[in-house]
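K.L.:
Below is model.pdb; it holds PDB, C-alpha atoms and all ligand atoms.
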MODEL        1
ATOM      1  CA  MET A   1      13.370 -13.965 -26.982
ATOM      2  CA  ALA A   2      15.195 -11.499 -24.716
ATOM      3  CA  LYS A   3      16.037 -12.432 -21.157
ATOM      4  CA  ALA A   4      14.774  -9.280 -19.402
ATOM      5  CA  ALA A   5      12.121  -6.590 -19.915
ATOM      6  CA  PHE A   6      12.028  -3.413 -17.846
ATOM      7  CA  ILE A   7       8.629  -1.744 -17.764
ATOM      8  CA  GLY A   8       9.026   1.816 -16.484
ATOM      9  CA  VAL A   9      12.485   3.212 -17.061
ATOM     10  CA  GLY A  10      12.530   6.172 -14.693
ATOM     11  CA  ASN A  11      15.302   6.599 -12.124
ATOM     12  CA  MET A  12      15.397   3.028 -10.852
ATOM     13  CA  GLY A  13      14.163   1.088 -13.879
ATOM     14  CA  GLY A  14      16.564   3.013 -16.115
ATOM     15  CA  ALA A  15      19.527   2.278 -13.840
ATOM     16  CA  LEU A  16      18.634  -1.427 -13.650
ATOM     17  CA  ALA A  17      18.059  -1.730 -17.405
ATOM     18  CA  LYS A  18      21.503  -0.205 -18.039
ATOM     19  CA  ALA A  19      23.078  -2.657 -15.604
ATOM     20  CA  ALA A  20      21.248  -5.554 -17.295
ATOM     21  CA  CYS A  21      22.601  -4.434 -20.677
ATOM     22  CA  LYS A  22      26.102  -4.746 -19.207
ATOM     23  CA  SER A  23      25.393  -8.075 -17.469
ATOM     24  CA  LEU A  24      23.618  -9.787 -20.373
ATOM     25  CA  GLY A  25      24.395  -7.723 -23.471
ATOM     26  CA  ALA A  26      21.894  -5.223 -24.914
ATOM     27  CA  ASP A  27      20.348  -7.842 -27.243
ATOM     28  CA  GLU A  28      18.916  -9.584 -24.197
ATOM     29  CA  VAL A  29      17.133  -6.478 -22.853
ATOM     30  CA  VAL A  30      13.903  -4.756 -23.869
ATOM     31  CA  VAL A  31      12.342  -1.678 -22.296
ATOM     32  CA  ALA A  32       9.005   0.145 -22.310
ATOM     33  CA  ASN A  33       7.860   3.338 -20.658
ATOM     34  CA  ARG A  34       4.605   5.316 -20.521
ATOM     35  CA  THR A  35       6.408   8.323 -21.980
ATOM     36  CA  TYR A  36       7.974   6.510 -24.910
ATOM     37  CA  SER A  37      10.801   9.026 -25.442
ATOM     38  CA  LYS A  38      12.433   7.790 -22.192
ATOM     39  CA  ALA A  39      12.537   4.196 -23.483
ATOM     40  CA  GLU A  40      13.778   5.427 -26.849
ATOM     41  CA  ALA A  41      16.597   7.443 -25.221
ATOM     42  CA  LEU A  42      17.685   4.373 -23.243
ATOM     43  CA  SER A  43      17.653   2.316 -26.421
ATOM     44  CA  SER A  44      19.877   4.863 -28.210
ATOM     45  CA  GLU A  45      22.260   4.934 -25.262
ATOM     46  CA  THR A  46      22.589   1.199 -24.685
ATOM     47  CA  GLY A  47      21.433  -0.612 -27.841
ATOM     48  CA  CYS A  48      18.549  -2.423 -26.091
ATOM     49  CA  ARG A  49      15.146  -2.577 -27.861
ATOM     50  CA  ALA A  50      12.457  -0.049 -26.899
ATOM     51  CA  TYR A  51       8.697  -0.611 -27.165
ATOM     52  CA  ALA A  52       5.865   1.878 -26.909
ATOM     53  CA  ASN A  53       3.552  -0.902 -25.756
ATOM     54  CA  ASN A  54       4.088  -2.658 -22.387
ATOM     55  CA  CYS A  55       2.561  -5.977 -23.504
ATOM     56  CA  GLU A  56       4.760  -6.129 -26.603
ATOM     57  CA  ALA A  57       7.862  -5.610 -24.457
ATOM     58  CA  ALA A  58       6.715  -8.184 -21.883
ATOM     59  CA  ARG A  59       5.906 -10.724 -24.602
ATOM     60  CA  GLU A  60       9.515 -10.457 -25.772
ATOM     61  CA  ALA A  61      11.180 -11.429 -22.465
ATOM     62  CA  GLU A  62      11.415 -14.234 -19.924
ATOM     63  CA  TYR A  63      11.902 -12.017 -16.858
ATOM     64  CA  ILE A  64       9.730  -8.914 -16.538
ATOM     65  CA  PHE A  65      10.849  -6.186 -14.133
ATOM     66  CA  LEU A  66       8.030  -3.892 -13.032
ATOM     67  CA  CYS A  67       9.676  -0.566 -12.226
ATOM     68  CA  VAL A  68       6.696   1.761 -11.748
ATOM     69  CA  LYS A  69       5.497   3.511  -8.583
ATOM     70  CA  PRO A  70       3.811   1.294  -5.956
ATOM     71  CA  LYS A  71       0.362   2.746  -6.656
ATOM     72  CA  GLN A  72       0.734   2.009 -10.402
ATOM     73  CA  ILE A  73       1.775  -1.616 -10.104
ATOM     74  CA  GLN A  74      -1.595  -3.353  -9.730
ATOM     75  CA  ALA A  75      -2.941  -1.692 -12.875
ATOM     76  CA  LEU A  76       0.253  -2.548 -14.739
ATOM     77  CA  ILE A  77      -0.053  -6.221 -13.754
ATOM     78  CA  ALA A  78      -3.687  -6.240 -14.920
ATOM     79  CA  GLU A  79      -2.558  -4.815 -18.260
ATOM     80  CA  LEU A  80       0.204  -7.450 -18.624
ATOM     81  CA  ARG A  81      -1.898 -10.395 -17.469
ATOM     82  CA  PRO A  82      -2.727 -11.683 -20.992
ATOM     83  CA  VAL A  83       0.994 -12.065 -21.828
ATOM     84  CA  ILE A  84       2.640 -13.282 -18.596
ATOM     85  CA  LYS A  85       1.953 -17.006 -18.839
ATOM     86  CA  GLY A  86       5.258 -18.879 -18.497
ATOM     87  CA  LYS A  87       7.171 -15.741 -17.460
ATOM     88  CA  THR A  88       8.630 -14.508 -14.193
ATOM     89  CA  LEU A  89       7.692 -11.144 -12.684
ATOM     90  CA  ILE A  90       9.955  -9.034 -10.501
ATOM     91  CA  SER A  91       8.595  -6.014  -8.663
ATOM     92  CA  VAL A  92      10.750  -3.109  -7.566
ATOM     93  CA  ALA A  93       7.892  -1.330  -5.770
ATOM     94  CA  ALA A  94       8.499  -0.422  -2.134
ATOM     95  CA  GLY A  95       5.837  -1.655   0.277
ATOM     96  CA  VAL A  96       4.027  -4.000  -2.147
ATOM     97  CA  THR A  97       4.200  -7.499  -0.657
ATOM     98  CA  LEU A  98       4.869 -10.815  -2.357
ATOM     99  CA  SER A  99       1.434 -12.082  -1.328
ATOM    100  CA  GLU A 100      -0.252  -9.045  -2.911
ATOM    101  CA  LEU A 101       1.793  -9.508  -6.079
ATOM    102  CA  GLN A 102       1.039 -13.240  -6.185
ATOM    103  CA  GLU A 103      -2.666 -12.555  -5.805
ATOM    104  CA  TRP A 104      -2.578 -10.065  -8.696
ATOM    105  CA  VAL A 105      -0.536 -12.248 -11.081
ATOM    106  CA  GLY A 106      -2.147 -15.603 -10.200
ATOM    107  CA  GLU A 107      -0.703 -18.701  -8.532
ATOM    108  CA  ASP A 108       1.207 -20.091 -11.525
ATOM    109  CA  THR A 109       3.471 -17.134 -12.220
ATOM    110  CA  PRO A 110       6.732 -16.953 -10.246
ATOM    111  CA  VAL A 111       7.047 -13.610  -8.440
ATOM    112  CA  LEU A 112      10.041 -11.964  -6.785
ATOM    113  CA  ARG A 113      10.683  -8.593  -5.182
ATOM    114  CA  ILE A 114      13.834  -6.560  -5.417
ATOM    115  CA  MET A 115      14.799  -3.439  -3.532
ATOM    116  CA  PRO A 116      17.763  -1.753  -5.219
ATOM    117  CA  ASN A 117      19.442   1.532  -4.401
ATOM    118  CA  THR A 118      20.552   4.267  -6.787
ATOM    119  CA  PRO A 119      24.303   3.420  -6.791
ATOM    120  CA  CYS A 120      23.192   0.442  -8.956
ATOM    121  CA  GLU A 121      23.515   2.973 -11.774
ATOM    122  CA  ILE A 122      27.321   2.846 -11.484
ATOM    123  CA  GLY A 123      27.623  -0.827 -10.535
ATOM    124  CA  LYS A 124      28.129  -0.107  -6.830
ATOM    125  CA  GLY A 125      24.601  -0.680  -5.599
ATOM    126  CA  LEU A 126      23.008  -3.088  -3.196
ATOM    127  CA  THR A 127      19.800  -4.927  -4.056
ATOM    128  CA  ALA A 128      17.676  -6.989  -1.694
ATOM    129  CA  LEU A 129      16.048 -10.005  -3.344
ATOM    130  CA  SER A 130      13.140 -12.004  -2.011
ATOM    131  CA  GLY A 131      10.896 -14.562  -3.669
ATOM    132  CA  GLY A 132       7.383 -15.877  -3.214
ATOM    133  CA  LYS A 133       6.500 -19.559  -2.834
ATOM    134  CA  SER A 134       6.244 -19.768  -6.612
ATOM    135  CA  ALA A 135       9.909 -18.723  -7.094
ATOM    136  CA  GLY A 136      12.565 -21.440  -7.275
ATOM    137  CA  GLU A 137      16.357 -21.429  -7.242
ATOM    138  CA  GLU A 138      16.490 -20.946 -11.035
ATOM    139  CA  HIS A 139      14.484 -17.707 -10.727
ATOM    140  CA  PHE A 140      16.656 -16.339  -7.919
ATOM    141  CA  ALA A 141      19.803 -17.226  -9.865
ATOM    142  CA  ALA A 142      18.497 -15.636 -13.071
ATOM    143  CA  VAL A 143      17.670 -12.346 -11.310
ATOM    144  CA  GLU A 144      21.126 -12.341  -9.686
ATOM    145  CA  CYS A 145      22.675 -12.873 -13.102
ATOM    146  CA  ILE A 146      20.613 -10.101 -14.759
ATOM    147  CA  LEU A 147      21.594  -7.627 -12.008
ATOM    148  CA  SER A 148      25.189  -8.787 -11.571
ATOM    149  CA  CYS A 149      26.615  -5.563 -13.057
ATOM    150  CA  SER A 150      24.541  -3.363 -10.727
ATOM    151  CA  GLY A 151      26.530  -4.251  -7.599
ATOM    152  CA  LEU A 152      25.745  -6.733  -4.859
ATOM    153  CA  VAL A 153      22.494  -8.663  -4.740
ATOM    154  CA  GLU A 154      21.547 -10.055  -1.355
ATOM    155  CA  ARG A 155      18.809 -12.618  -0.820
ATOM    156  CA  MET A 156      16.708 -12.027   2.268
ATOM    157  CA  GLU A 157      13.434 -12.942   3.931
ATOM    158  CA  GLU A 158      10.670 -10.568   2.903
ATOM    159  CA  GLU A 159      10.232  -9.319   6.499
ATOM    160  CA  ARG A 160      13.722  -7.811   6.319
ATOM    161  CA  ILE A 161      13.175  -5.891   3.074
ATOM    162  CA  GLU A 162      11.503  -2.816   4.612
ATOM    163  CA  PRO A 163      14.091  -2.360   7.416
ATOM    164  CA  TYR A 164      16.853  -2.979   4.847
ATOM    165  CA  ASN A 165      15.266  -0.370   2.581
ATOM    166  CA  ALA A 166      15.211   2.255   5.344
ATOM    167  CA  VAL A 167      18.992   1.834   5.701
ATOM    168  CA  ALA A 168      20.278   0.992   2.222
ATOM    169  CA  GLY A 169      17.507   2.063  -0.177
ATOM    170  CA  CYS A 170      16.957   5.502   1.354
ATOM    171  CA  GLY A 171      20.488   5.692   2.759
ATOM    172  CA  PRO A 172      22.204   7.394  -0.191
ATOM    173  CA  ALA A 173      19.990  10.439   0.487
ATOM    174  CA  PHE A 174      21.119  10.420   4.118
ATOM    175  CA  VAL A 175      24.784  10.369   3.096
ATOM    176  CA  TYR A 176      24.788  12.981   0.300
ATOM    177  CA  PRO A 177      23.832  15.891   2.597
ATOM    178  CA  TYR A 178      26.573  14.727   4.980
ATOM    179  CA  ILE A 179      29.148  14.809   2.180
ATOM    180  CA  GLU A 180      27.865  18.221   1.122
ATOM    181  CA  ALA A 181      28.040  19.503   4.705
ATOM    182  CA  LEU A 182      31.606  18.219   5.180
ATOM    183  CA  ALA A 183      32.506  20.038   1.976
ATOM    184  CA  ASP A 184      30.818  23.205   3.315
ATOM    185  CA  GLY A 185      33.096  22.919   6.344
ATOM    186  CA  GLY A 186      36.069  22.516   4.014
ATOM    187  CA  VAL A 187      35.081  25.651   2.092
ATOM    188  CA  LEU A 188      34.678  27.515   5.373
ATOM    189  CA  VAL A 189      38.282  26.700   6.262
ATOM    190  CA  GLY A 190      39.651  27.561   2.827
ATOM    191  CA  LEU A 191      39.210  24.723   0.302
ATOM    192  CA  HIS A 192      37.759  25.250  -3.175
ATOM    193  CA  ARG A 193      34.244  23.821  -3.487
ATOM    194  CA  ASP A 194      35.102  21.158  -6.093
ATOM    195  CA  GLU A 195      38.099  19.847  -4.191
ATOM    196  CA  ALA A 196      36.194  19.894  -0.900
ATOM    197  CA  ILE A 197      33.404  17.736  -2.411
ATOM    198  CA  ARG A 198      35.940  15.353  -3.965
ATOM    199  CA  TYR A 199      37.928  14.976  -0.735
ATOM    200  CA  ALA A 200      34.778  14.403   1.334
ATOM    201  CA  ALA A 201      33.321  11.836  -1.105
ATOM    202  CA  GLN A 202      36.583   9.914  -1.510
ATOM    203  CA  MET A 203      36.983   9.885   2.273
ATOM    204  CA  VAL A 204      33.424   8.503   2.800
ATOM    205  CA  MET A 205      34.088   5.824   0.170
ATOM    206  CA  GLY A 206      37.380   4.881   1.862
ATOM    207  CA  ALA A 207      35.858   4.818   5.334
ATOM    208  CA  ALA A 208      33.012   2.587   4.087
ATOM    209  CA  ALA A 209      35.535   0.241   2.448
ATOM    210  CA  MET A 210      37.457   0.049   5.761
ATOM    211  CA  VAL A 211      34.294  -1.100   7.548
ATOM    212  CA  LEU A 212      33.563  -3.735   4.890
ATOM    213  CA  GLU A 213      37.094  -4.961   4.261
ATOM    214  CA  SER A 214      38.594  -4.880   7.770
ATOM    215  CA  GLY A 215      35.548  -6.439   9.432
ATOM    216  CA  LYS A 216      36.218  -4.125  12.389
ATOM    217  CA  HIS A 217      33.417  -2.397  14.273
ATOM    218  CA  PRO A 218      32.920   1.219  13.085
ATOM    219  CA  GLY A 219      33.484   2.367  16.698
ATOM    220  CA  ALA A 220      36.923   0.727  16.786
ATOM    221  CA  LEU A 221      37.839   2.302  13.450
ATOM    222  CA  LYS A 222      36.726   5.706  14.777
ATOM    223  CA  ASP A 223      38.820   5.214  17.922
ATOM    224  CA  ALA A 224      41.869   4.451  15.762
ATOM    225  CA  VAL A 225      41.648   7.930  14.144
ATOM    226  CA  CYS A 226      41.322   9.766  17.469
ATOM    227  CA  SER A 227      44.625  10.455  19.257
ATOM    228  CA  PRO A 228      44.355  11.529  22.900
ATOM    229  CA  GLY A 229      43.865  15.285  23.070
ATOM    230  CA  GLY A 230      44.068  15.491  19.277
ATOM    231  CA  LEU A 231      42.110  17.386  16.646
ATOM    232  CA  THR A 232      39.908  14.490  15.445
ATOM    233  CA  ILE A 233      38.344  13.891  18.871
ATOM    234  CA  GLU A 234      37.503  17.637  18.975
ATOM    235  CA  GLY A 235      35.499  17.136  15.786
ATOM    236  CA  VAL A 236      33.901  13.902  17.038
ATOM    237  CA  ALA A 237      32.809  15.657  20.256
ATOM    238  CA  GLU A 238      31.234  18.406  18.141
ATOM    239  CA  LEU A 239      29.276  15.833  16.084
ATOM    240  CA  GLU A 240      28.034  14.237  19.312
ATOM    241  CA  ARG A 241      27.020  17.646  20.730
ATOM    242  CA  HIS A 242      24.933  18.254  17.597
ATOM    243  CA  GLY A 243      23.271  14.829  17.747
ATOM    244  CA  LEU A 244      24.652  13.196  14.583
ATOM    245  CA  ARG A 245      23.896   9.674  15.801
ATOM    246  CA  ALA A 246      20.395  10.487  17.005
ATOM    247  CA  ALA A 247      19.647  12.207  13.696
ATOM    248  CA  ALA A 248      20.851   9.159  11.700
ATOM    249  CA  ILE A 249      18.875   6.715  13.857
ATOM    250  CA  ASP A 250      15.736   8.862  13.601
ATOM    251  CA  ALA A 251      16.124   9.166   9.817
ATOM    252  CA  VAL A 252      16.136   5.380   9.394
ATOM    253  CA  VAL A 253      13.177   4.881  11.745
ATOM    254  CA  ALA A 254      11.169   7.675  10.049
ATOM    255  CA  ALA A 255      11.791   6.131   6.603
ATOM    256  CA  TRP A 256      10.820   2.682   7.885
ATOM    257  CA  LYS A 257       7.580   4.040   9.408
ATOM    258  CA  LYS A 258       6.707   5.868   6.196
ATOM    259  CA  GLY A 259       7.277   2.608   4.280
ATOM    260  CA  LYS A 260       4.333   1.113   6.155
ATOM    261  CA  THR A 261       1.972   3.742   4.764
ATOM    262  CA  VAL A 262       2.927   3.519   1.063
ATOM    263  CA  ASP A 263       0.028   4.278  -1.295
ATOM    264  CA  LYS A 264      -0.815   1.238  -3.440
TER
HETATM  265  N1  LIG B   1      14.400   5.625  -6.563
HETATM  266  C1  LIG B   1      14.891   4.727  -5.693
HETATM  267  O1  LIG B   1      15.939   4.918  -5.064
HETATM  268  C2  LIG B   1      14.171   3.413  -5.496
HETATM  269  C3  LIG B   1      14.782   2.437  -4.693
HETATM  270  C4  LIG B   1      14.127   1.209  -4.535
HETATM  271  C5  LIG B   1      12.904   0.993  -5.144
HETATM  272  N2  LIG B   1      12.331   1.979  -5.893
HETATM  273  C6  LIG B   1      11.026   1.707  -6.515
HETATM  274  O2  LIG B   1      11.160   1.883  -7.907
HETATM  275  C7  LIG B   1       9.890   2.239  -8.449
HETATM  276  C8  LIG B   1      10.105   3.388  -9.420
HETATM  277  O3  LIG B   1      10.648   4.478  -8.709
HETATM  278  P1  LIG B   1      11.453   5.607  -9.487
HETATM  279  O4  LIG B   1      12.101   6.430  -8.449
HETATM  280  O5  LIG B   1      12.266   4.995 -10.578
HETATM  281  O6  LIG B   1      10.223   6.401 -10.153
HETATM  282  P2  LIG B   1      10.203   7.212 -11.519
HETATM  283  O7  LIG B   1      11.519   7.843 -11.787
HETATM  284  O8  LIG B   1       8.972   8.069 -11.467
HETATM  285  O9  LIG B   1       9.984   6.082 -12.624
HETATM  286  C9  LIG B   1       8.760   5.438 -12.842
HETATM  287  C10 LIG B   1       8.651   5.250 -14.349
HETATM  288  O10 LIG B   1       7.536   4.415 -14.626
HETATM  289  C11 LIG B   1       6.893   4.911 -15.787
HETATM  290  N3  LIG B   1       5.518   4.441 -15.796
HETATM  291  C12 LIG B   1       4.506   4.780 -14.955
HETATM  292  N4  LIG B   1       3.396   4.079 -15.256
HETATM  293  C13 LIG B   1       3.715   3.290 -16.316
HETATM  294  C14 LIG B   1       2.997   2.355 -17.081
HETATM  295  N5  LIG B   1       1.704   2.053 -16.829
HETATM  296  N6  LIG B   1       3.634   1.742 -18.089
HETATM  297  C15 LIG B   1       4.917   2.009 -18.399
HETATM  298  N7  LIG B   1       5.668   2.896 -17.691
HETATM  299  C16 LIG B   1       5.064   3.534 -16.675
HETATM  300  C17 LIG B   1       7.007   6.391 -15.659
HETATM  301  O11 LIG B   1       6.841   6.975 -16.937
HETATM  302  P3  LIG B   1       6.603   8.537 -17.206
HETATM  303  O12 LIG B   1       7.887   8.986 -17.810
HETATM  304  O13 LIG B   1       5.480   8.604 -18.180
HETATM  305  O14 LIG B   1       6.280   9.183 -15.898
HETATM  306  C18 LIG B   1       8.427   6.549 -15.103
HETATM  307  O15 LIG B   1       9.388   6.659 -16.134
HETATM  308  C19 LIG B   1       8.977   2.574  -7.283
HETATM  309  O16 LIG B   1       8.046   1.527  -7.109
HETATM  310  C20 LIG B   1       9.910   2.650  -6.090
HETATM  311  O17 LIG B   1       9.272   2.169  -4.909
HETATM  312  C21 LIG B   1      12.943   3.179  -6.104
ENDMDL
END
Could you rewrite the structure in this file as structure tokens?

P.N.:
Amino acid sequence: MAKAAFIGVGNMGGALAKAACKSLGADEVVVANRTYSKAEALSSETGCRAYANNCEAAREAEYIFLCVKPKQIQALIAELRPVIKGKTLISVAAGVTLSELQEWVGEDTPVLRIMPNTPCEIGKGLTALSGGKSAGEEHFAAVECILSCSGLVERMEEERIEPYNAVAGCGPAFVYPYIEALADGGVLVGLHRDEAIRYAAQMVMGAAAMVLESGKHPGALKDAVCSPGGLTIEGVAELERHGLRAAAIDAVVAAWKKGKTVDK
């Protein structure tokens, strides 16, 4: 029996299944998808086994990751119900609570939720992990092991998942336009497009690493780049004039509010 099944291998399920193939070895991973060609392509790429039938894939694994859209998850659980006895279910669906999942799967089946972000695809992601009353230490540890090649996995109380998601789940889409815009500025002052994008992205990665590795407050790190009367503070003042901080704060709050109205 394989360790992990991924049902729904779109953007997120595909990225997680690839990471699991690295963490566990492809022999330990099975996948299924409504459009079978997607599962088949993943199988050719990684060596994991692909199934056209969700129940067959689920029957083959201990841990079943449900990677469909929130509004599709209840029907998927109903479909899998005959084969989930003795297995553990993990939902990736935003806005679907542990108590809803537990009600749909029944009391005896351990249920966990994860909230990954897209950098999981290259092993630099962040995934929130939360478990229902039915989930024990062994289930948490197994999910951490399966996702170990996707990046960091952080356990948290369920109440923190939606605020976390507004920052770290949606966050890549808040940062990419910023990188693109910095590169636009670079092109405007004479850089080639490809080098401008590379410089901006490498700089954002380095700045993020400084925050994480130095433990210093981002404000202090910003101050350290700004010499009195220098060019950097001119740029910082321009960002403030255009409301960069307010825009970032509002983006997170808007995403969080939308998360409360997810269709399921
Ligand atoms: N994208 C993110 O950054 C992100 C982050 C955190 C959490 N999530 C969560 O991840 C879930 C999936 O999002 P996504 O962006 O990966 O969506 P997606 O790219 O549309 O992938 C969903 C996949 O599920 C398949 N599917 C739908 N119903 C199915 C069924 N009954 N049986 C088998 N496969 C089925 C779809 O197949 P078809 O090819 O036939 O359409 C599709 O490949 C959502 O619940 C979302 O909340 C996403």

K.L.:
Which residues would end up in the selection if the PyMOL selection byres (((chain A and resi 139) around 10) and not hetatm) were applied here, given that I need the answer as a VMD selection string?

P.N.:
chain A and resid 63 88 to 90 110 to 112 131 134 to 138 140 to 145

K.L.:
If the limit is 6 Å from any atom of ligand LIG 1 (chain B), counting all atoms listed in the file, which residues qualify? Return them as a ChimeraX atom specification.

P.N.:
/A:7-13,32-35,67-70,72,76,92-94,115-118,169

K.L.:
Could you jot down the atom CA of Gly132 of chain A to atom CA of Thr97 of chain A separation for me, Å, one decimal place?

P.N.:
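Separation between atom CA of Gly132 of chain A and atom CA of Thr97 of chain A: 9.3 Å.
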
K.L.:
I'd like the interatomic distance between atom CA of Asp108 of chain A and atom CA of Lys87 of chain A, to a tenth of an Å.

P.N.:
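We find that atom CA of Asp108 of chain A and atom CA of Lys87 of chain A lie 9.5 Å from each other.
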
K.L.:
Mind telling me what the PyMOL selection byres (((chain A and resi 79) around 12) and not hetatm) catches here, as a list in words?

P.N.:
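Here the PyMOL selection byres (((chain A and resi 79) around 12) and not hetatm) matches Ile7, Asn53, Asn54, Cys55, Glu56, Ala58, Leu66, Gln72, Ile73, Gln74, Ala75, Leu76, Ile77, Ala78, Leu80, Arg81, Pro82, Val83, Ile84, Trp104 and Val105 of chain A.
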
K.L.:
Please expand the PyMOL selection byres (((chain A and resi 160-163) around 10) and not hetatm) into the concrete residues it hits in this file, giving the result as a list in words.

P.N.:
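So the PyMOL selection byres (((chain A and resi 160-163) around 10) and not hetatm) ends up selecting Ala94, Gly95, Thr97, Arg113, Ile114, Met115, Thr127, Ala128, Leu129, Ser130, Arg155, Met156, Glu157, Glu158, Glu159, Tyr164, Asn165, Ala166, Val167, Ala168, Gly169, Val252, Val253, Ala255, Trp256, Lys257, Gly259 and Lys260 of chain A.
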
K.L.:
The residues within 12 Å of (40.7, 18.6, 1.0), using all atoms listed in the file and the coordinates of the file, should be reported as a list in words; which are they?

P.N.:
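All residues meeting the 12 Å criterion around (40.7, 18.6, 1.0) are Leu182, Ala183, Asp184, Gly185, Gly186, Val187, Leu188, Val189, Gly190, Leu191, His192, Arg193, Asp194, Glu195, Ala196, Ile197, Arg198, Tyr199, Ala200, Ala201, Gln202 and Met203 of chain A.
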
K.L.:
Write out as a ChimeraX atom specification the residues lying within 12 Å of segment 236-238 of chain A, counting all atoms listed in the file and excluding same-chain residues fewer than 6 positions away.

P.N.:
/A:219,222-223,225-227,229-230,244-245

K.L.:
Quick one: residues within 6 Å of (22.7, -7.1, -12.7) (file frame), counting all atoms listed in the file, please, as a list in words.

P.N.:
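Final list of nearby residues, as requested, is Ala19, Ala20, Ser23, Cys145, Ile146, Leu147, Ser148, Cys149 and Ser150 of chain A.
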
K.L.:
With a distance cut-off of 8 Å and all atoms listed in the file, select the neighbouring residues of Cys48 of chain A, excluding the residue or stretch itself and same-chain residues fewer than 4 positions from it, and output the selection as a PDB file with C-alpha atoms, in the frame of the given file.

P.N.:
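Output file part_4.pdb is given in full below:
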ATOM      1  CA  CYS A  21      22.601  -4.434 -20.677  1.00  0.00           C
ATOM      2  CA  ALA A  26      21.894  -5.223 -24.914  1.00  0.00           C
ATOM      3  CA  ASP A  27      20.348  -7.842 -27.243  1.00  0.00           C
ATOM      4  CA  GLU A  28      18.916  -9.584 -24.197  1.00  0.00           C
ATOM      5  CA  VAL A  29      17.133  -6.478 -22.853  1.00  0.00           C
ATOM      6  CA  VAL A  30      13.903  -4.756 -23.869  1.00  0.00           C
ATOM      7  CA  VAL A  31      12.342  -1.678 -22.296  1.00  0.00           C
ATOM      8  CA  LEU A  42      17.685   4.373 -23.243  1.00  0.00           C
ATOM      9  CA  SER A  43      17.653   2.316 -26.421  1.00  0.00           C
ATOM     10  CA  SER A  44      19.877   4.863 -28.210  1.00  0.00           C
TER      11      SER A  44
END

K.L.:
Report, in Å to a single decimal, how far apart atom CA of Thr109 of chain A and atom CA of Lys85 of chain A are.

P.N.:
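Computed distance, atom CA of Lys85 of chain A to atom CA of Thr109 of chain A, equals 6.8 Å.
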
K.L.:
Considering all atoms listed in the file, return as a ChimeraX atom specification whatever protein or nucleic-acid residues lie within 12 Å of His217 of chain A, sequence-local ones (same chain, fewer than 6 positions apart) excluded.

P.N.:
/A:207-208,210-211,223-224

K.L.:
Write out the residues from the selection above, keeping C-alpha atoms, as an mmCIF file, keeping the file's coordinate frame.

P.N.:
data_model
loop_
_atom_site.group_PDB
_atom_site.id
_atom_site.type_symbol
_atom_site.label_atom_id
_atom_site.label_comp_id
_atom_site.auth_asym_id
_atom_site.auth_seq_id
_atom_site.Cartn_x
_atom_site.Cartn_y
_atom_site.Cartn_z
ATOM 1 C CA ALA A 207 35.858 4.818 5.334
ATOM 2 C CA ALA A 208 33.012 2.587 4.087
ATOM 3 C CA MET A 210 37.457 0.049 5.761
ATOM 4 C CA VAL A 211 34.294 -1.100 7.548
ATOM 5 C CA ASP A 223 38.820 5.214 17.922
ATOM 6 C CA ALA A 224 41.869 4.451 15.762
#

K.L.:
Return the padded bounding box of segment 161-167 of chain A as AutoDock Vina command-line options: axis-aligned, built from all atoms listed in the file, 8 Å added on each side, with centre and edge lengths in Å to one decimal.

P.N.:
--center_x 15.2 --center_y -1.8 --center_z 5.0 --size_x 23.5 --size_y 24.1 --size_z 20.8

K.L.:
My list of candidates is A:Leu101, A:Ala220, A:Cys120, A:Ala181. Which is closest to Val153 of chain A when distances are computed with all atoms listed in the file?

P.N.:
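Using all atoms listed in the file, the shortest distance to Val153 of chain A belongs to A:Cys120.
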